[in-house]
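**Q** So that you have it, the file is data.txt, and it contains compact mmCIF, C-alpha atoms:
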# COMPACT_ATOMS: atom_id res chain seq x y z
CA MET A 1 142.92 82.57 83.10
CA GLU A 2 143.93 83.94 86.49
CA ASN A 3 144.72 81.57 89.31
CA GLU A 4 142.12 81.18 92.06
CA LEU A 5 144.21 82.99 94.69
CA THR A 6 144.50 86.11 92.49
CA LEU A 7 140.75 86.14 91.83
CA LYS A 8 140.01 85.66 95.53
CA ARG A 9 142.35 88.51 96.44
CA PHE A 10 140.83 90.79 93.80
CA ILE A 11 137.31 90.06 95.16
CA ASP A 12 138.55 90.54 98.76
CA ILE A 13 139.96 93.99 97.90
CA ARG A 14 136.65 95.11 96.38
CA ARG A 15 134.61 93.84 99.34
CA GLU A 16 137.07 95.23 101.89
CA LEU A 17 136.77 98.67 100.30
CA GLY A 18 132.98 98.35 100.21
CA TYR A 19 132.41 98.76 96.45
CA THR A 20 129.85 97.03 94.24
CA GLN A 21 131.12 95.34 91.07
CA ALA A 22 129.86 98.27 88.99
CA GLU A 23 131.41 100.93 91.28
CA PHE A 24 134.76 99.12 91.36
CA ALA A 25 134.72 98.78 87.57
CA GLU A 26 134.20 102.52 87.16
CA LEU A 27 137.09 103.32 89.53
CA LEU A 28 139.42 100.95 87.69
CA GLY A 29 138.39 102.05 84.19
CA ILE A 30 136.66 98.76 83.32
CA LYS A 31 133.46 98.76 81.25
CA ASN A 32 130.25 97.95 83.12
CA THR A 33 131.28 95.57 85.91
CA THR A 34 134.10 93.49 87.43
CA ALA A 35 131.92 90.35 87.33
CA ASP A 36 133.77 88.75 84.37
CA ILE A 37 137.16 89.27 86.04
CA GLU A 38 135.85 87.78 89.29
CA ARG A 39 134.50 84.72 87.45
CA GLY A 40 137.82 84.25 85.67
CA ARG A 41 136.37 84.95 82.22
CA THR A 42 138.36 88.14 81.63
CA LYS A 43 142.07 88.54 82.23
CA LEU A 44 143.23 90.95 84.92
CA SER A 45 144.87 93.57 82.69
CA GLY A 46 148.06 95.46 83.44
CA LYS A 47 145.99 98.67 83.54
CA VAL A 48 143.78 97.27 86.33
CA VAL A 49 146.81 96.09 88.32
CA SER A 50 148.37 99.53 87.81
CA GLU A 51 145.18 101.29 89.04
CA LEU A 52 145.04 99.04 92.13
CA LEU A 53 148.61 100.06 92.93
CA LYS A 54 148.10 103.75 92.17
CA GLN A 55 144.75 104.24 93.94
CA PHE A 56 144.93 101.72 96.77
CA LYS A 57 148.66 100.90 97.16
CA ILE A 58 147.94 97.21 96.42
CA ASN A 59 151.18 95.28 95.96
CA PRO A 60 151.04 93.51 92.53
CA LEU A 61 153.24 90.67 93.86
CA TRP A 62 150.71 90.07 96.66
CA LEU A 63 147.88 90.05 94.12
CA PHE A 64 149.59 87.26 92.18
CA GLY A 65 150.47 85.24 95.29
CA GLU A 66 154.18 86.07 95.31
CA SER A 67 154.25 88.21 98.47
CA ASP A 68 152.57 88.32 101.88
CA ASN A 69 152.51 92.14 101.95
CA GLN A 70 149.15 93.33 100.63
CA TYR A 71 150.17 96.98 100.58
CA LEU A 72 153.32 98.55 99.24
CA GLU A 73 155.18 100.58 101.86
CA THR A 74 152.16 100.87 104.16
CA SER A 75 154.30 101.85 107.13
CA GLN A 76 156.17 104.42 105.08
CA ILE A 77 153.19 106.29 103.66
CA SER A 78 154.18 109.91 104.18
CA VAL A 79 151.73 112.02 106.16
CA ILE A 80 154.13 114.95 106.43
CA PRO A 81 152.56 118.39 105.74
CA LYS A 82 152.13 119.07 102.03
CA VAL A 83 152.81 122.79 102.58
CA VAL A 84 154.86 124.45 105.34
CA THR A 85 153.90 128.08 105.88
CA VAL A 86 156.45 130.77 106.76
CA ASP A 87 156.37 134.42 107.76
CA SER A 88 158.13 137.33 106.00
CA ALA A 89 161.43 136.37 107.69
CA ASP A 90 161.15 132.78 106.39
CA ARG A 91 160.38 131.38 109.85
CA ASP A 92 157.75 128.70 110.28
CA ASN A 93 154.48 130.17 111.48
CA MET A 94 151.27 128.60 112.73
CA VAL A 95 148.32 128.71 110.34
CA LEU A 96 144.86 128.54 111.92
CA VAL A 97 142.31 126.37 110.13
CA ASN A 98 138.80 127.18 111.34
CA ALA A 99 135.79 124.89 110.87
CA LYS A 100 134.77 126.63 107.62
CA ALA A 101 138.28 126.46 106.14
CA ALA A 102 138.57 122.80 107.18
CA ALA A 103 135.83 121.93 104.67
CA GLY A 104 138.16 122.96 101.83
CA TYR A 105 141.45 121.92 103.42
CA PRO A 106 141.74 118.37 101.95
CA GLN A 107 141.14 119.60 98.39
CA ASN A 108 143.57 122.55 98.72
CA ILE A 109 146.18 120.74 100.80
CA SER A 110 149.01 121.32 98.28
CA ASP A 111 147.96 124.80 97.12
CA THR A 112 150.38 127.27 98.70
CA SER A 113 148.26 130.28 97.69
CA TRP A 114 145.19 128.84 99.48
CA TYR A 115 147.02 128.97 102.84
CA GLN A 116 147.70 132.69 102.41
CA GLN A 117 144.04 133.53 103.08
CA LEU A 118 144.23 131.87 106.52
CA PRO A 119 145.33 133.75 109.66
CA ALA A 120 148.79 132.78 110.94
CA PHE A 121 150.84 133.68 113.99
CA ASP A 122 154.09 132.93 115.77
CA LEU A 123 153.95 131.55 119.29
CA PRO A 124 157.15 132.52 121.14
CA ILE A 125 157.05 129.60 123.57
CA PRO A 126 159.94 127.05 123.66
CA GLU A 127 157.54 124.09 123.32
CA PHE A 128 156.52 125.35 119.87
CA ARG A 129 160.04 125.61 118.47
CA ASN A 130 161.89 123.19 116.17
CA ALA A 131 158.73 121.63 114.71
CA THR A 132 155.87 122.51 112.37
CA TYR A 133 152.60 123.34 114.13
CA ARG A 134 149.11 124.12 112.87
CA GLY A 135 145.93 125.18 114.66
CA PHE A 136 142.61 123.46 113.94
CA GLN A 137 139.14 124.31 115.24
CA VAL A 138 137.22 121.40 116.79
CA GLU A 139 133.89 120.70 115.14
CA GLY A 140 131.25 118.42 116.64
CA ASP A 141 131.13 116.64 119.98
CA SER A 142 132.90 113.35 119.18
CA MET A 143 135.87 114.19 121.45
CA LEU A 144 133.91 115.23 124.54
CA PRO A 145 134.70 115.57 127.39
CA ASN A 146 138.32 116.47 126.45
CA LEU A 147 137.55 118.74 123.50
CA SER A 148 134.41 120.81 123.03
CA PRO A 149 132.95 122.14 119.75
CA GLY A 150 134.50 125.51 118.84
CA GLU A 151 137.71 124.98 120.82
CA TRP A 152 141.06 125.07 119.04
CA VAL A 153 143.84 122.52 119.14
CA LEU A 154 147.48 123.30 118.40
CA ALA A 155 149.07 120.30 116.77
CA ARG A 156 152.55 119.22 115.66
CA ALA A 157 153.20 117.64 112.27
CA VAL A 158 153.78 113.87 112.17
CA GLU A 159 156.03 112.39 109.47
CA HIS A 160 154.86 108.77 109.30
CA ILE A 161 151.92 106.69 110.48
CA ASP A 162 154.43 104.54 112.36
CA HIS A 163 155.05 107.48 114.70
CA VAL A 164 151.53 107.63 116.13
CA SER A 165 150.77 106.56 119.69
CA ALA A 166 147.52 105.04 121.00
CA ASN A 167 147.34 107.42 123.97
CA LYS A 168 147.57 110.70 122.02
CA ILE A 169 144.94 112.72 120.15
CA TYR A 170 145.48 113.61 116.49
CA VAL A 171 144.09 115.79 113.74
CA VAL A 172 143.64 113.39 110.81
CA VAL A 173 143.31 114.86 107.32
CA LEU A 174 141.61 112.38 104.99
CA GLN A 175 140.89 112.76 101.26
CA ASP A 176 137.60 114.55 101.96
CA SER A 177 137.52 115.62 105.62
CA VAL A 178 139.45 116.84 108.67
CA MET A 179 138.75 115.16 112.00
CA VAL A 180 140.14 115.00 115.52
CA LYS A 181 140.52 111.41 116.77
CA LYS A 182 142.66 108.89 118.60
CA ILE A 183 144.49 106.49 116.28
CA GLU A 184 144.94 102.78 116.94
CA LYS A 185 146.93 100.29 114.89
CA ARG A 186 145.69 96.77 115.49
CA PRO A 187 148.11 93.84 115.27
CA ASN A 188 147.94 91.79 112.05
CA SER A 189 145.76 94.41 110.38
CA ASN A 190 146.55 96.77 107.52
CA ASN A 191 143.82 99.11 108.73
CA ILE A 192 144.03 102.16 110.96
CA THR A 193 141.27 102.58 113.56
CA LEU A 194 139.94 106.07 114.31
CA VAL A 195 138.51 106.33 117.83
CA SER A 196 136.29 109.03 119.40
CA LEU A 197 136.42 109.80 123.12
CA ASN A 198 132.64 110.29 123.12
CA GLU A 199 131.43 106.69 123.34
CA THR A 200 128.26 107.40 121.38
CA TYR A 201 130.50 107.46 118.29
CA PRO A 202 131.73 103.96 117.37
CA PRO A 203 135.34 103.49 116.20
CA TYR A 204 135.84 102.79 112.51
CA ASP A 205 138.60 101.40 110.31
CA ILE A 206 140.19 103.14 107.34
CA LYS A 207 143.00 102.30 104.93
CA PRO A 208 146.28 104.15 105.63
CA PHE A 209 146.53 105.48 102.08
CA LEU A 210 143.37 107.55 102.66
CA ILE A 211 145.28 109.71 105.18
CA GLN A 212 146.95 112.83 103.74
CA GLU A 213 148.32 114.40 106.93
CA ILE A 214 148.47 113.66 110.65
CA TRP A 215 148.99 116.30 113.35
CA GLU A 216 149.61 115.37 117.00
CA VAL A 217 147.56 117.54 119.35
CA SER A 218 149.81 119.17 121.96
CA SER A 219 147.51 121.75 123.54
CA LYS A 220 144.14 123.44 123.22
CA ILE A 221 142.78 126.98 123.34
CA THR A 222 139.37 127.63 124.85
CA PHE A 223 137.40 130.82 124.25
CA ASN A 224 134.20 132.12 125.89
CA VAL A 225 135.00 130.58 129.26
CA ASP A 226 131.89 131.03 131.38
CA ALA A 227 133.19 132.29 134.73
CA THR A 228 129.87 131.66 136.43
CA THR A 229 129.64 128.00 135.53
CA ASP A 230 132.13 126.69 138.06
CA THR A 231 130.83 129.06 140.74
CA GLY A 232 127.29 127.92 140.11
CA LEU A 233 128.38 124.31 140.24
CA LEU A 234 130.21 124.93 143.52
CA ARG A 235 127.14 126.61 145.01
CA GLN A 236 124.96 123.66 143.97
CA LEU A 237 127.45 121.29 145.54
CA GLN A 238 127.51 123.28 148.81
CA GLU A 239 123.70 123.38 148.91
CA SER A 240 123.55 119.62 148.34
CA MET A 241 126.04 119.07 151.18
CA GLN A 242 124.00 121.30 153.53
CA GLU A 243 120.86 119.39 152.61
CA LEU A 244 122.63 116.09 153.23
CA LYS A 245 123.92 117.32 156.62
CA SER A 246 120.47 118.47 157.72
CA GLN A 247 119.02 115.10 156.66
CA LEU A 248 121.69 113.29 158.68
CA GLN A 249 121.01 115.49 161.72
CA HIS A 250 117.32 114.78 161.36
CA VAL A 251 118.02 111.04 161.25
CA LYS A 252 120.19 111.31 164.39
CA LYS A 253 117.42 113.15 166.25
CA VAL A 254 114.91 110.51 165.26
Turn this file's structure into structure tokens for me.

**A**
Amino acid sequence: MENELTLKRFIDIRRELGYTQAEFAELLGIKNTTADIERGRTKLSGKVVSELLKQFKINPLWLFGESDNQYLETSQISVIPKVVTVDSADRDNMVLVNAKAAAGYPQNISDTSWYQQLPAFDLPIPEFRNATYRGFQVEGDSMLPNLSPGEWVLARAVEHIDHVSANKIYVVVLQDSVMVKKIEKRPNSNNITLVSLNETYPPYDIKPFLIQEIWEVSSKITFNVDATTDTGLLRQLQESMQELKSQLQHVKKV
């Protein structure tokens, strides 16, 4: 029979990840449910411990109370690009991932042939030398006012989660999605917090092992700039000022 600490930690993992006993059992290759393990009736098999390590980076020594580190090598989880694209002269080039391509990006992240269908270009600007860059199209309004839907960000590859900064914006490639967010690492937490600039979107926590790649946004490209918008805004502002002046003059006369 497992000791109480191991059972507690096993239950904590399941709850932390948000799975029911039946869902967790299916993931770990256990028949029906994890209820018997959690009650101490069934031994925690080597296969289950192996699956916890493989799928969720759970440290077996932590599980059995012999270590304080819940995750193995959390800080060293590699988020370096799975594929680096090059041009005909073997120089790094910048692939552009539009919103449609982003839907298939996580699943094709290691498929070199998949990248060949995407447009790529070389940007002959010193700031874009000596690093791997990729362009991503912004989808949705979660990063307003800084980034609007349809704009593009040019982003530099990040090697490790440890290298992220709380005051930068990142493209985060998860197992099933690509999103643009700020990243926060909270003290005494194994989680990573993804934060939107648009306050209508609440921040949420994820496990580091769910992240496949991280790209640090360095610049953005905006298309369809409406030249009349600013002019119109300026005219409105001038009209408001004139109205305010006339009101003030009226008050003085009175």

**Q** Which is closest to Leu174 of chain A among A:Tyr201, A:Phe136, A:Tyr105, A:Trp114, if we use only C-alpha atoms?

**A**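 Smallest distance to Leu174 of chain A is found for A:Tyr105.
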
**Q** Using all atoms of segment 46-54 of chain A that appear in the file, construct an axis-aligned enclosing box with 4 Å of padding on every side and provide its centre coordinates and edge lengths in Å, rounded to one decimal, as lines of an AutoDock Vina configuration file.

**A**
center_x = 146.2
center_y = 99.6
center_z = 88.2
size_x = 12.8
size_y = 16.3
size_z = 17.5

**Q** With distances taken over all atoms listed in the file, which residue among A:Val217, A:Val95, A:Leu147, A:Ile13 lies nearest Ile58 of chain A?

**A**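 That would be A:Ile13, the residue with the smallest distance to Ile58 of chain A.
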
**Q** Suppose you want the space between atom CA of Ala99 of chain A and atom CA of Arg134 of chain A; what is it in Å?

**A** 13.5 Å

**Q** If I take atom CA of Arg39 of chain A and atom CA of Leu61 of chain A, how far is one from the other in Å, to one decimal?

**A**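 The value is 20.7 Å.
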
**Q** With only C-alpha atoms as the atoms that count, which of A:Leu72, A:Leu7, A:Ala22, A:Leu197 lies nearest to Thr42 of chain A?

**A**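 Closest to Thr42 of chain A of all the choices is A:Leu7.
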
**Q** Mind pulling up the distance from atom CA of Ser78 of chain A to atom CA of Leu52 of chain A?

**A** 18.6 Å

**Q** Residues around (139.2, 118.3, 111.5), cut-off 8 Å, counting only C-alpha atoms - what are they as a ChimeraX atom specification?

**A** /A:99,102,136-139,171-173,177-180

**Q** Please list as a list in words every residue within 10 Å of Asn190 of chain A, counting all atoms listed in the file and excluding residues in the same chain fewer than 5 positions away.

**A**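 Those residues are Asn69, Gln70, Tyr71, Thr74, Ser75, Lys185, Asp205, Ile206, Lys207 and Pro208 of chain A.
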
**Q** Name the closest residue to His163 of chain A among the candidates A:Glu216, A:Arg15, A:Gln242, A:Ala101; distances are taken between atoms, counting all atoms listed in the file.

**A** A:Glu216

**Q** Identify the residues within 7 Å of coordinate (154.7, 123.0, 101.1) (same frame as the file), considering all atoms listed in the file, and give the answer as a ChimeraX atom specification.

**A** /A:81-84,110,112
